[in-house]
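*Asks:* Input structure: protein.cif, which contains mmCIF, C-alpha atoms and all ligand atoms; chains and numbers go by the auth columns.
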```
data_work
loop_
_atom_site.group_PDB
_atom_site.id
_atom_site.type_symbol
_atom_site.label_atom_id
_atom_site.label_comp_id
_atom_site.label_asym_id
_atom_site.label_seq_id
_atom_site.Cartn_x
_atom_site.Cartn_y
_atom_site.Cartn_z
_atom_site.B_iso_or_equiv
_atom_site.auth_seq_id
_atom_site.auth_asym_id
ATOM 1 C CA MET A 1 0.000 0.000 0.000 0.00 3 A
ATOM 2 C CA GLY A 2 2.457 2.634 -1.112 0.00 4 A
ATOM 3 C CA ARG A 3 1.900 3.622 -4.722 0.00 5 A
ATOM 4 C CA ILE A 4 2.961 7.224 -5.202 0.00 6 A
ATOM 5 C CA THR A 5 1.728 9.232 -8.172 0.00 7 A
ATOM 6 C CA LEU A 6 2.784 12.729 -9.199 0.00 8 A
ATOM 7 C CA ASP A 7 0.398 14.353 -11.630 0.00 9 A
ATOM 8 C CA LYS A 8 1.602 17.562 -13.356 0.00 10 A
ATOM 9 C CA VAL A 9 3.407 18.606 -10.195 0.00 11 A
ATOM 10 C CA THR A 10 5.260 21.926 -10.310 0.00 12 A
ATOM 11 C CA LYS A 11 7.291 23.835 -7.737 0.00 13 A
ATOM 12 C CA SER A 12 8.450 27.433 -7.837 0.00 14 A
ATOM 13 C CA PHE A 13 10.439 29.362 -5.267 0.00 15 A
ATOM 14 C CA GLY A 14 9.429 32.968 -5.845 0.00 16 A
ATOM 15 C CA ALA A 15 9.656 33.549 -9.586 0.00 17 A
ATOM 16 C CA VAL A 16 11.956 30.574 -10.174 0.00 18 A
ATOM 17 C CA GLU A 17 10.287 27.363 -11.328 0.00 19 A
ATOM 18 C CA VAL A 18 12.612 24.589 -10.134 0.00 20 A
ATOM 19 C CA ILE A 19 10.207 21.765 -11.082 0.00 21 A
ATOM 20 C CA PRO A 20 8.343 22.264 -14.381 0.00 22 A
ATOM 21 C CA PRO A 21 5.212 20.071 -14.793 0.00 23 A
ATOM 22 C CA LEU A 22 6.296 16.563 -13.847 0.00 24 A
ATOM 23 C CA ASP A 23 4.493 13.210 -14.039 0.00 25 A
ATOM 24 C CA LEU A 24 5.818 10.150 -12.271 0.00 26 A
ATOM 25 C CA THR A 25 4.490 6.927 -10.755 0.00 27 A
ATOM 26 C CA ILE A 26 6.314 4.819 -8.199 0.00 28 A
ATOM 27 C CA GLU A 27 4.706 1.429 -7.778 0.00 29 A
ATOM 28 C CA ASP A 28 3.913 -0.165 -4.438 0.00 30 A
ATOM 29 C CA GLY A 29 6.969 -1.956 -3.123 0.00 31 A
ATOM 30 C CA GLU A 30 9.332 -0.437 -5.653 0.00 32 A
ATOM 31 C CA PHE A 31 12.819 0.855 -4.826 0.00 33 A
ATOM 32 C CA ALA A 32 13.028 4.084 -6.819 0.00 34 A
ATOM 33 C CA VAL A 33 16.190 6.166 -6.992 0.00 35 A
ATOM 34 C CA PHE A 34 16.194 9.858 -7.922 0.00 36 A
ATOM 35 C CA VAL A 35 19.586 10.649 -9.364 0.00 37 A
ATOM 36 C CA GLY A 36 21.076 13.760 -10.935 0.00 38 A
ATOM 37 C CA PRO A 37 23.620 16.500 -10.350 0.00 39 A
ATOM 38 C CA SER A 38 23.560 18.835 -7.376 0.00 40 A
ATOM 39 C CA GLY A 39 20.776 21.412 -7.616 0.00 41 A
ATOM 40 C CA CYS A 40 18.643 19.420 -10.105 0.00 42 A
ATOM 41 C CA GLY A 41 15.694 19.231 -7.702 0.00 43 A
ATOM 42 C CA LYS A 42 16.023 15.807 -6.072 0.00 44 A
ATOM 43 C CA SER A 43 15.533 17.029 -2.517 0.00 45 A
ATOM 44 C CA THR A 44 12.744 19.369 -3.544 0.00 46 A
ATOM 45 C CA LEU A 45 10.890 16.500 -5.189 0.00 47 A
ATOM 46 C CA LEU A 46 11.299 14.318 -2.107 0.00 48 A
ATOM 47 C CA ARG A 47 10.181 17.157 0.176 0.00 49 A
ATOM 48 C CA LEU A 48 7.091 17.673 -1.986 0.00 50 A
ATOM 49 C CA ILE A 49 6.218 13.990 -1.653 0.00 51 A
ATOM 50 C CA ALA A 50 6.862 14.121 2.105 0.00 52 A
ATOM 51 C CA GLY A 51 4.734 17.251 2.415 0.00 53 A
ATOM 52 C CA LEU A 52 7.601 19.330 3.801 0.00 54 A
ATOM 53 C CA GLU A 53 7.035 21.677 0.845 0.00 55 A
ATOM 54 C CA ASP A 54 3.707 22.463 -0.806 0.00 56 A
ATOM 55 C CA VAL A 55 3.331 21.895 -4.536 0.00 57 A
ATOM 56 C CA SER A 56 2.814 25.068 -6.588 0.00 58 A
ATOM 57 C CA SER A 57 0.362 23.141 -8.770 0.00 59 A
ATOM 58 C CA GLY A 58 -0.555 19.574 -9.624 0.00 60 A
ATOM 59 C CA GLN A 59 -1.413 16.634 -7.433 0.00 61 A
ATOM 60 C CA ILE A 60 0.423 13.998 -5.409 0.00 62 A
ATOM 61 C CA ARG A 61 -1.490 10.793 -4.659 0.00 63 A
ATOM 62 C CA ILE A 62 -0.594 8.058 -2.213 0.00 64 A
ATOM 63 C CA ASP A 63 -2.455 4.993 -3.423 0.00 65 A
ATOM 64 C CA SER A 64 -5.673 6.592 -4.677 0.00 66 A
ATOM 65 C CA GLN A 65 -5.778 9.341 -2.041 0.00 67 A
ATOM 66 C CA ASP A 66 -4.993 12.972 -2.832 0.00 68 A
ATOM 67 C CA ALA A 67 -2.123 13.733 -0.459 0.00 69 A
ATOM 68 C CA THR A 68 -1.559 17.296 -1.607 0.00 70 A
ATOM 69 C CA ALA A 69 -3.530 18.809 1.262 0.00 71 A
ATOM 70 C CA VAL A 70 -2.501 16.215 3.860 0.00 72 A
ATOM 71 C CA PRO A 71 0.082 17.437 6.410 0.00 73 A
ATOM 72 C CA PRO A 72 3.416 15.533 6.539 0.00 74 A
ATOM 73 C CA ALA A 73 2.687 13.661 9.776 0.00 75 A
ATOM 74 C CA LYS A 74 -0.532 12.241 8.312 0.00 76 A
ATOM 75 C CA ARG A 75 0.838 11.094 4.950 0.00 77 A
ATOM 76 C CA GLY A 76 2.082 7.802 6.371 0.00 78 A
ATOM 77 C CA LEU A 77 5.559 8.301 4.909 0.00 79 A
ATOM 78 C CA ALA A 78 8.863 8.138 6.751 0.00 80 A
ATOM 79 C CA MET A 79 11.654 10.541 5.874 0.00 81 A
ATOM 80 C CA VAL A 80 15.091 9.216 6.782 0.00 82 A
ATOM 81 C CA PHE A 81 17.514 12.112 7.109 0.00 83 A
ATOM 82 C CA GLN A 82 21.211 12.400 6.392 0.00 84 A
ATOM 83 C CA SER A 83 22.121 13.183 9.984 0.00 85 A
ATOM 84 C CA TYR A 84 20.678 10.823 12.490 0.00 86 A
ATOM 85 C CA ALA A 85 19.723 13.173 15.372 0.00 87 A
ATOM 86 C CA LEU A 86 19.347 10.476 18.030 0.00 88 A
ATOM 87 C CA TYR A 87 18.766 11.343 21.683 0.00 89 A
ATOM 88 C CA PRO A 88 22.175 10.720 23.286 0.00 90 A
ATOM 89 C CA HIS A 89 20.797 10.239 26.810 0.00 91 A
ATOM 90 C CA MET A 90 18.239 7.605 25.768 0.00 92 A
ATOM 91 C CA SER A 91 18.810 3.904 25.129 0.00 93 A
ATOM 92 C CA VAL A 92 18.445 2.497 21.635 0.00 94 A
ATOM 93 C CA ARG A 93 15.120 0.995 22.740 0.00 95 A
ATOM 94 C CA LYS A 94 13.816 4.394 23.853 0.00 96 A
ATOM 95 C CA ASN A 95 15.121 6.150 20.769 0.00 97 A
ATOM 96 C CA ILE A 96 13.286 3.705 18.514 0.00 98 A
ATOM 97 C CA ALA A 97 10.128 3.810 20.643 0.00 99 A
ATOM 98 C CA PHE A 98 10.076 7.607 20.817 0.00 100 A
ATOM 99 C CA PRO A 99 7.661 8.385 17.939 0.00 101 A
ATOM 100 C CA LEU A 100 5.220 5.746 19.190 0.00 102 A
ATOM 101 C CA LYS A 101 5.362 7.104 22.750 0.00 103 A
ATOM 102 C CA MET A 102 4.603 10.549 21.370 0.00 104 A
ATOM 103 C CA ALA A 103 1.604 9.052 19.571 0.00 105 A
ATOM 104 C CA LYS A 104 0.490 7.506 22.915 0.00 106 A
ATOM 105 C CA MET A 105 0.438 4.003 21.501 0.00 107 A
ATOM 106 C CA ASP A 106 -0.358 1.060 23.774 0.00 108 A
ATOM 107 C CA PRO A 107 2.896 0.020 25.586 0.00 109 A
ATOM 108 C CA ALA A 108 2.587 -3.658 24.645 0.00 110 A
ATOM 109 C CA GLU A 109 2.225 -2.701 20.978 0.00 111 A
ATOM 110 C CA ILE A 110 5.248 -0.368 21.300 0.00 112 A
ATOM 111 C CA THR A 111 7.337 -3.236 22.699 0.00 113 A
ATOM 112 C CA ARG A 112 6.207 -5.543 19.909 0.00 114 A
ATOM 113 C CA ARG A 113 7.071 -3.032 17.179 0.00 115 A
ATOM 114 C CA VAL A 114 10.429 -2.025 18.674 0.00 116 A
ATOM 115 C CA GLU A 115 11.511 -5.646 18.990 0.00 117 A
ATOM 116 C CA ALA A 116 10.360 -6.466 15.467 0.00 118 A
ATOM 117 C CA ALA A 117 12.279 -3.461 14.082 0.00 119 A
ATOM 118 C CA ALA A 118 15.392 -4.349 16.096 0.00 120 A
ATOM 119 C CA SER A 119 15.246 -7.877 14.753 0.00 121 A
ATOM 120 C CA VAL A 120 14.983 -6.722 11.113 0.00 122 A
ATOM 121 C CA LEU A 121 17.909 -4.338 11.674 0.00 123 A
ATOM 122 C CA ASN A 122 20.093 -6.726 13.693 0.00 124 A
ATOM 123 C CA LEU A 123 19.953 -4.398 16.683 0.00 125 A
ATOM 124 C CA THR A 124 18.449 -6.841 19.183 0.00 126 A
ATOM 125 C CA ASP A 125 21.683 -7.071 21.195 0.00 127 A
ATOM 126 C CA TYR A 126 22.085 -3.293 21.301 0.00 128 A
ATOM 127 C CA LEU A 127 18.679 -2.203 22.608 0.00 129 A
ATOM 128 C CA ASP A 128 19.993 -1.213 26.037 0.00 130 A
ATOM 129 C CA ARG A 129 22.995 0.735 24.771 0.00 131 A
ATOM 130 C CA ARG A 130 23.136 4.453 24.219 0.00 132 A
ATOM 131 C CA PRO A 131 23.905 6.013 20.814 0.00 133 A
ATOM 132 C CA GLY A 132 27.409 6.995 21.991 0.00 134 A
ATOM 133 C CA GLN A 133 28.227 3.295 22.418 0.00 135 A
ATOM 134 C CA LEU A 134 27.387 2.441 18.808 0.00 136 A
ATOM 135 C CA SER A 135 29.246 2.648 15.493 0.00 137 A
ATOM 136 C CA GLY A 136 28.163 5.118 12.812 0.00 138 A
ATOM 137 C CA GLY A 137 26.441 2.363 10.865 0.00 139 A
ATOM 138 C CA GLN A 138 24.578 1.130 13.921 0.00 140 A
ATOM 139 C CA ARG A 139 23.416 4.662 14.714 0.00 141 A
ATOM 140 C CA GLN A 140 22.104 4.983 11.183 0.00 142 A
ATOM 141 C CA ARG A 141 20.179 1.739 11.721 0.00 143 A
ATOM 142 C CA VAL A 142 18.651 3.077 14.922 0.00 144 A
ATOM 143 C CA ALA A 143 17.452 6.115 12.968 0.00 145 A
ATOM 144 C CA ILE A 144 15.910 3.805 10.381 0.00 146 A
ATOM 145 C CA GLY A 145 14.376 1.760 13.215 0.00 147 A
ATOM 146 C CA ARG A 146 12.616 4.857 14.426 0.00 148 A
ATOM 147 C CA SER A 147 10.948 5.066 10.999 0.00 149 A
ATOM 148 C CA ILE A 148 10.164 1.362 10.684 0.00 150 A
ATOM 149 C CA VAL A 149 8.117 1.231 13.902 0.00 151 A
ATOM 150 C CA ARG A 150 5.635 3.664 12.415 0.00 152 A
ATOM 151 C CA GLU A 151 4.964 1.095 9.669 0.00 153 A
ATOM 152 C CA PRO A 152 4.980 3.715 6.911 0.00 154 A
ATOM 153 C CA ALA A 153 3.552 3.235 3.416 0.00 155 A
ATOM 154 C CA ALA A 154 6.922 4.348 2.042 0.00 156 A
ATOM 155 C CA PHE A 155 10.400 5.371 3.151 0.00 157 A
ATOM 156 C CA LEU A 156 12.027 8.487 1.744 0.00 158 A
ATOM 157 C CA PHE A 157 15.820 8.734 1.931 0.00 159 A
ATOM 158 C CA ASP A 158 17.709 11.916 1.064 0.00 160 A
ATOM 159 C CA GLU A 159 21.374 11.045 0.532 0.00 161 A
ATOM 160 C CA PRO A 160 21.426 9.101 3.815 0.00 162 A
ATOM 161 C CA LEU A 161 24.979 7.839 3.368 0.00 163 A
ATOM 162 C CA SER A 162 26.749 11.008 2.281 0.00 164 A
ATOM 163 C CA ASN A 163 28.201 11.642 5.754 0.00 165 A
ATOM 164 C CA LEU A 164 29.701 8.158 6.020 0.00 166 A
ATOM 165 C CA ASP A 165 33.155 7.080 4.918 0.00 167 A
ATOM 166 C CA ALA A 166 33.504 4.989 1.760 0.00 168 A
ATOM 167 C CA ALA A 167 33.760 1.586 3.428 0.00 169 A
ATOM 168 C CA LEU A 168 30.770 2.149 5.658 0.00 170 A
ATOM 169 C CA ARG A 169 28.801 3.479 2.713 0.00 171 A
ATOM 170 C CA VAL A 170 29.148 0.206 0.821 0.00 172 A
ATOM 171 C CA GLY A 171 27.963 -1.760 3.867 0.00 173 A
ATOM 172 C CA MET A 172 24.986 0.515 4.484 0.00 174 A
ATOM 173 C CA ARG A 173 24.017 0.391 0.824 0.00 175 A
ATOM 174 C CA LEU A 174 23.738 -3.378 1.100 0.00 176 A
ATOM 175 C CA GLU A 175 21.846 -3.085 4.372 0.00 177 A
ATOM 176 C CA ILE A 176 19.265 -0.720 2.925 0.00 178 A
ATOM 177 C CA SER A 177 18.783 -3.016 -0.087 0.00 179 A
ATOM 178 C CA GLU A 178 18.402 -5.964 2.274 0.00 180 A
ATOM 179 C CA LEU A 179 15.911 -4.019 4.374 0.00 181 A
ATOM 180 C CA HIS A 180 13.884 -3.295 1.247 0.00 182 A
ATOM 181 C CA LYS A 181 13.769 -6.999 0.461 0.00 183 A
ATOM 182 C CA ARG A 182 12.630 -7.869 3.974 0.00 184 A
ATOM 183 C CA LEU A 183 9.992 -5.154 4.344 0.00 185 A
ATOM 184 C CA ALA A 184 8.862 -5.029 0.694 0.00 186 A
ATOM 185 C CA THR A 185 7.830 -1.416 1.322 0.00 187 A
ATOM 186 C CA THR A 186 8.105 1.358 -1.262 0.00 188 A
ATOM 187 C CA MET A 187 11.370 3.266 -0.935 0.00 189 A
ATOM 188 C CA ILE A 188 12.462 6.457 -2.666 0.00 190 A
ATOM 189 C CA TYR A 189 16.164 7.076 -2.412 0.00 191 A
ATOM 190 C CA VAL A 190 17.851 10.299 -3.483 0.00 192 A
ATOM 191 C CA THR A 191 21.507 10.320 -4.432 0.00 193 A
ATOM 192 C CA HIS A 192 23.953 12.034 -6.773 0.00 194 A
ATOM 193 C CA ASP A 193 25.987 8.816 -6.819 0.00 195 A
ATOM 194 C CA GLN A 194 25.604 6.752 -10.014 0.00 196 A
ATOM 195 C CA VAL A 195 26.930 3.605 -8.367 0.00 197 A
ATOM 196 C CA GLU A 196 24.316 3.762 -5.626 0.00 198 A
ATOM 197 C CA ALA A 197 21.620 4.303 -8.239 0.00 199 A
ATOM 198 C CA MET A 198 22.754 1.432 -10.455 0.00 200 A
ATOM 199 C CA THR A 199 23.200 -1.066 -7.624 0.00 201 A
ATOM 200 C CA MET A 200 20.132 -0.304 -5.508 0.00 202 A
ATOM 201 C CA ALA A 201 17.302 0.709 -7.825 0.00 203 A
ATOM 202 C CA ASP A 202 14.388 -1.163 -9.320 0.00 204 A
ATOM 203 C CA LYS A 203 13.618 2.103 -11.113 0.00 205 A
ATOM 204 C CA ILE A 204 15.968 5.009 -11.717 0.00 206 A
ATOM 205 C CA VAL A 205 14.616 8.513 -12.318 0.00 207 A
ATOM 206 C CA VAL A 206 17.306 10.678 -13.932 0.00 208 A
ATOM 207 C CA LEU A 207 16.785 14.385 -13.304 0.00 209 A
ATOM 208 C CA GLN A 208 18.357 17.457 -14.811 0.00 210 A
ATOM 209 C CA ALA A 209 17.207 20.973 -13.914 0.00 211 A
ATOM 210 C CA GLY A 210 13.904 19.687 -12.516 0.00 212 A
ATOM 211 C CA VAL A 211 13.109 17.691 -15.649 0.00 213 A
ATOM 212 C CA ILE A 212 12.970 13.890 -15.865 0.00 214 A
ATOM 213 C CA GLU A 213 15.416 12.897 -18.580 0.00 215 A
ATOM 214 C CA GLN A 214 14.586 9.190 -18.358 0.00 216 A
ATOM 215 C CA VAL A 215 12.914 6.600 -16.143 0.00 217 A
ATOM 216 C CA GLY A 216 13.828 2.935 -16.309 0.00 218 A
ATOM 217 C CA SER A 217 15.557 -0.016 -14.739 0.00 219 A
ATOM 218 C CA PRO A 218 19.336 0.221 -14.340 0.00 220 A
ATOM 219 C CA LEU A 219 19.752 -2.164 -17.271 0.00 221 A
ATOM 220 C CA GLU A 220 17.399 -0.190 -19.538 0.00 222 A
ATOM 221 C CA LEU A 221 19.198 3.046 -18.790 0.00 223 A
ATOM 222 C CA TYR A 222 22.582 1.477 -19.326 0.00 224 A
ATOM 223 C CA ARG A 223 21.637 -0.236 -22.591 0.00 225 A
ATOM 224 C CA THR A 224 19.363 2.389 -24.091 0.00 226 A
ATOM 225 C CA PRO A 225 20.073 5.811 -22.610 0.00 227 A
ATOM 226 C CA ARG A 226 17.737 8.318 -24.208 0.00 228 A
ATOM 227 C CA ASN A 227 20.356 11.029 -24.608 0.00 229 A
ATOM 228 C CA LYS A 228 23.957 12.007 -23.972 0.00 230 A
ATOM 229 C CA PHE A 229 23.185 13.362 -20.535 0.00 231 A
ATOM 230 C CA VAL A 230 21.751 10.050 -19.357 0.00 232 A
ATOM 231 C CA ALA A 231 24.538 8.078 -21.018 0.00 233 A
ATOM 232 C CA GLY A 232 27.173 10.288 -19.424 0.00 234 A
ATOM 233 C CA PHE A 233 25.565 10.169 -16.050 0.00 235 A
ATOM 234 C CA ILE A 234 24.966 6.429 -15.990 0.00 236 A
ATOM 235 C CA GLY A 235 28.334 5.672 -17.540 0.00 237 A
ATOM 236 C CA SER A 236 27.067 3.868 -20.637 0.00 238 A
ATOM 237 C CA PRO A 237 29.566 3.196 -23.398 0.00 239 A
ATOM 238 C CA THR A 238 29.001 5.726 -26.214 0.00 240 A
HETATM 239 P P1 LIG B . 19.297 18.703 -5.202 0.00 301 B
HETATM 240 O O1 LIG B . 18.725 18.046 -3.998 0.00 301 B
HETATM 241 O O2 LIG B . 19.123 17.907 -6.450 0.00 301 B
HETATM 242 O O3 LIG B . 20.741 19.081 -5.018 0.00 301 B
HETATM 243 P P2 LIG B . 17.443 20.841 -4.552 0.00 301 B
HETATM 244 O O4 LIG B . 16.115 20.193 -4.666 0.00 301 B
HETATM 245 O O5 LIG B . 17.988 21.037 -3.188 0.00 301 B
HETATM 246 O O6 LIG B . 18.505 20.067 -5.464 0.00 301 B
HETATM 247 O O7 LIG B . 17.378 22.256 -5.243 0.00 301 B
HETATM 248 C C1 LIG B . 16.816 22.465 -6.539 0.00 301 B
HETATM 249 C C2 LIG B . 16.833 23.936 -6.858 0.00 301 B
HETATM 250 O O8 LIG B . 15.886 24.607 -6.044 0.00 301 B
HETATM 251 C C3 LIG B . 18.158 24.625 -6.611 0.00 301 B
HETATM 252 O O9 LIG B . 18.352 25.579 -7.619 0.00 301 B
HETATM 253 C C4 LIG B . 17.971 25.257 -5.264 0.00 301 B
HETATM 254 O O10 LIG B . 18.780 26.401 -5.132 0.00 301 B
HETATM 255 C C5 LIG B . 16.506 25.629 -5.296 0.00 301 B
HETATM 256 N N1 LIG B . 15.893 25.636 -3.953 0.00 301 B
HETATM 257 C C6 LIG B . 15.726 24.562 -3.154 0.00 301 B
HETATM 258 N N2 LIG B . 15.101 24.884 -2.014 0.00 301 B
HETATM 259 C C7 LIG B . 14.867 26.226 -2.088 0.00 301 B
HETATM 260 C C8 LIG B . 14.249 27.192 -1.224 0.00 301 B
HETATM 261 N N3 LIG B . 13.729 26.832 -0.058 0.00 301 B
HETATM 262 N N4 LIG B . 14.194 28.466 -1.657 0.00 301 B
HETATM 263 C C9 LIG B . 14.692 28.828 -2.844 0.00 301 B
HETATM 264 N N5 LIG B . 15.288 27.985 -3.705 0.00 301 B
HETATM 265 C C10 LIG B . 15.376 26.707 -3.335 0.00 301 B
HETATM 266 MG MG MG B . 19.590 17.496 -2.173 0.00 302 B
#
```
Would it be possible to restate this file's structure as structure tokens?
Ligand code: ADP
Ligand code: MG
*Replies:*
Amino acid sequence: MGRITLDKVTKSFGAVEVIPPLDLTIEDGEFAVFVGPSGCGKSTLLRLIAGLEDVSSGQIRIDSQDATAVPPAKRGLAMVFQSYALYPHMSVRKNIAFPLKMAKMDPAEITRRVEAAASVLNLTDYLDRRPGQLSGGQRQRVAIGRSIVREPAAFLFDEPLSNLDAALRVGMRLEISELHKRLATTMIYVTHDQVEAMTMADKIVVLQAGVIEQVGSPLELYRTPRNKFVAGFIGSPT
């Protein structure tokens, strides 16, 4: 239950239109990657879907529901940020449970969800530690755990690995792909890194200056890039 449809969506900041009319569908359960150079509108597009920015015109639907007027907290989407702002004084368990506590969920249900999330993320043995006692990768997993417990219709990632060193990045890339397989939930992943796009995506959306240059599987884009920009970006032989 996480099909996301953008119908003639535009976004302007003042007089500057950064997203001209754009149509896009992300299927339920798909791992979609938005890729393109810095400033091409990837974050803006993700923020529009999350509801952190309002569209200037057009419609965003989640399944068949018009989400355009729905505030971010009610869209049922989880935004996973680059920096993992955990509470340093709280245990991993409490950090993961935090959004559910805020929502005044039944304590037994909170325990069930936290333990299920910890199991999926291989954090079961770390639930009583504090963030300062974890590695960077483990902290990132705790942040993801905090999203998982809300059982969102989709996860939105904005360059979540860009603060990590190269070795850790490769490991986390695999972990996020693995998590997608286990949860089978829609994920939208923003990156400017071609390798991440090619290795993680079911569907790649190549953006340039707010315009979709091409949408397709990694293999389709590699074999039949629509233009030089896509070929150059994806690294196809020319
Ligand atoms: P990306 O994430 O691909 O690097 P962004 O979505 O952050 O790109 O930005 C796309 C364009 O929109 C850029 O030209 C950026 O300067 C502009 N932009 C983004 N957010 C704002 C804002 N709040 N106000 C004005 N311009 C913005
Ligand atoms: Mg960005």
*Asks:* Return as an NGL selection string the residues of protein, DNA or RNA that approach ligand MG 302 (chain B) to within 8 Å, with all atoms listed in the file taken into account.
*Replies:* :A and (40-41 or 43-46 or 160-161 or 192-193)
*Asks:* Given only C-alpha atoms as the basis, pick out the residue of A:Leu136, A:Met202, A:Ala233, A:Ala119 nearest to A:Glu215.
*Replies:*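 Of A:Leu136, A:Met202, A:Ala233, A:Ala119, the one nearest A:Glu215, counting only C-alpha atoms, is A:Ala233.
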*Asks:* What's the separation between atom CA of A:Pro154 and atom CA of A:Ala80, in Å to one decimal place?
*Replies:* 5.9 Å
*Asks:* For the file shown, what are the residues hit by the PyMOL selection byres (((chain A and resi 23) around 6) and not hetatm), laid out as a PDB file with C-alpha atoms, in the coordinates of the input?
*Replies:*
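Done, and the output landed in result.pdb:
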```pdb
ATOM      1  CA  LYS A  10       1.602  17.562 -13.356  1.00  0.00           C
ATOM      2  CA  VAL A  11       3.407  18.606 -10.195  1.00  0.00           C
ATOM      3  CA  THR A  12       5.260  21.926 -10.310  1.00  0.00           C
ATOM      4  CA  PRO A  22       8.343  22.264 -14.381  1.00  0.00           C
ATOM      5  CA  LEU A  24       6.296  16.563 -13.847  1.00  0.00           C
TER       6      LEU A  24
END
```
*Asks:* Could you give me the residues within 12 Å of ligand LIG 301 (chain B), counting all atoms listed in the file, as a CSV table (one decimal) with C-alpha atoms, in the frame of the given file?
*Replies:*
```csv
chain,number,residue,atom,x,y,z
A,12,THR,CA,5.3,21.9,-10.3
A,13,LYS,CA,7.3,23.8,-7.7
A,14,SER,CA,8.4,27.4,-7.8
A,15,PHE,CA,10.4,29.4,-5.3
A,16,GLY,CA,9.4,33.0,-5.8
A,17,ALA,CA,9.7,33.5,-9.6
A,18,VAL,CA,12.0,30.6,-10.2
A,19,GLU,CA,10.3,27.4,-11.3
A,20,VAL,CA,12.6,24.6,-10.1
A,21,ILE,CA,10.2,21.8,-11.1
A,22,PRO,CA,8.3,22.3,-14.4
A,36,PHE,CA,16.2,9.9,-7.9
A,37,VAL,CA,19.6,10.6,-9.4
A,38,GLY,CA,21.1,13.8,-10.9
A,39,PRO,CA,23.6,16.5,-10.4
A,40,SER,CA,23.6,18.8,-7.4
A,41,GLY,CA,20.8,21.4,-7.6
A,42,CYS,CA,18.6,19.4,-10.1
A,43,GLY,CA,15.7,19.2,-7.7
A,44,LYS,CA,16.0,15.8,-6.1
A,45,SER,CA,15.5,17.0,-2.5
A,46,THR,CA,12.7,19.4,-3.5
A,47,LEU,CA,10.9,16.5,-5.2
A,48,LEU,CA,11.3,14.3,-2.1
A,49,ARG,CA,10.2,17.2,0.2
A,50,LEU,CA,7.1,17.7,-2.0
A,54,LEU,CA,7.6,19.3,3.8
A,55,GLU,CA,7.0,21.7,0.8
A,56,ASP,CA,3.7,22.5,-0.8
A,159,PHE,CA,15.8,8.7,1.9
A,160,ASP,CA,17.7,11.9,1.1
A,161,GLU,CA,21.4,11.0,0.5
A,191,TYR,CA,16.2,7.1,-2.4
A,192,VAL,CA,17.9,10.3,-3.5
A,193,THR,CA,21.5,10.3,-4.4
A,194,HIS,CA,24.0,12.0,-6.8
A,195,ASP,CA,26.0,8.8,-6.8
A,207,VAL,CA,14.6,8.5,-12.3
A,208,VAL,CA,17.3,10.7,-13.9
A,209,LEU,CA,16.8,14.4,-13.3
A,210,GLN,CA,18.4,17.5,-14.8
A,211,ALA,CA,17.2,21.0,-13.9
A,212,GLY,CA,13.9,19.7,-12.5
A,213,VAL,CA,13.1,17.7,-15.6
A,214,ILE,CA,13.0,13.9,-15.9
```
*Asks:* So how far away is atom CA of A:Lys76 from atom CA of A:Lys96, in Å?
*Replies:* 22.6 Å
*Asks:* So which residues get picked by the PyMOL selection byres (((chain A and resi 152) around 12) and not hetatm) here, written as JSON, numbers by chain?
*Replies:* {"A": [75, 76, 77, 78, 79, 80, 81, 98, 99, 100, 101, 102, 103, 104, 105, 107, 111, 112, 114, 115, 116, 118, 119, 146, 147, 148, 149, 150, 151, 153, 154, 155, 156, 157]}
*Asks:* Would you please work out which residue, of A:Val57, A:Ile190, A:Leu166, A:Val197, is nearest to A:Glu29 when using only C-alpha atoms?
*Replies:*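 Nearest to A:Glu29: A:Ile190.
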*Asks:* What does the distance between atom CA of A:Gly60 and atom CA of A:Leu158 come to in Å, to one decimal place?
*Replies:*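 So the two atoms, atom CA of A:Gly60 and atom CA of A:Leu158, lie 20.3 Å apart.
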*Asks:* Would you kindly translate the PyMOL selection byres (((chain A and resi 185-188) around 9) and not hetatm) into the concrete residues it picks from this file, as a compact mmCIF listing (two decimals) with C-alpha atoms, in the frame of the given file?
*Replies:*
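Once everything was written out, this is expr-v1.txt:
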```
# COMPACT_ATOMS: atom_id res chain seq x y z
CA MET A 3 0.00 0.00 0.00
CA GLY A 4 2.46 2.63 -1.11
CA ARG A 5 1.90 3.62 -4.72
CA ILE A 6 2.96 7.22 -5.20
CA ILE A 28 6.31 4.82 -8.20
CA GLU A 29 4.71 1.43 -7.78
CA ASP A 30 3.91 -0.16 -4.44
CA GLY A 31 6.97 -1.96 -3.12
CA GLU A 32 9.33 -0.44 -5.65
CA PHE A 33 12.82 0.86 -4.83
CA ALA A 34 13.03 4.08 -6.82
CA VAL A 122 14.98 -6.72 11.11
CA PRO A 154 4.98 3.72 6.91
CA ALA A 155 3.55 3.24 3.42
CA ALA A 156 6.92 4.35 2.04
CA PHE A 157 10.40 5.37 3.15
CA LEU A 158 12.03 8.49 1.74
CA GLU A 180 18.40 -5.96 2.27
CA LEU A 181 15.91 -4.02 4.37
CA HIS A 182 13.88 -3.30 1.25
CA LYS A 183 13.77 -7.00 0.46
CA ARG A 184 12.63 -7.87 3.97
CA MET A 189 11.37 3.27 -0.94
CA ILE A 190 12.46 6.46 -2.67
```
*Asks:* Just need the box for stretch 18-37 of chain A, edges along x, y and z, holding every atom the file lists for it with 5 Å tacked onto each side, so centre and edge lengths in Å to one decimal, as JSON.
*Replies:*
```
{"center_x": 11.7, "center_y": 14.3, "center_z": -9.0, "size_x": 25.7, "size_y": 42.5, "size_z": 21.7}
```
*Asks:* What's the 8 Å shell around A:Ser219, counting all atoms listed in the file, without same-chain residues fewer than 3 positions away, as a PyMOL selection string?
*Replies:* chain A and resi 203-206+222-223
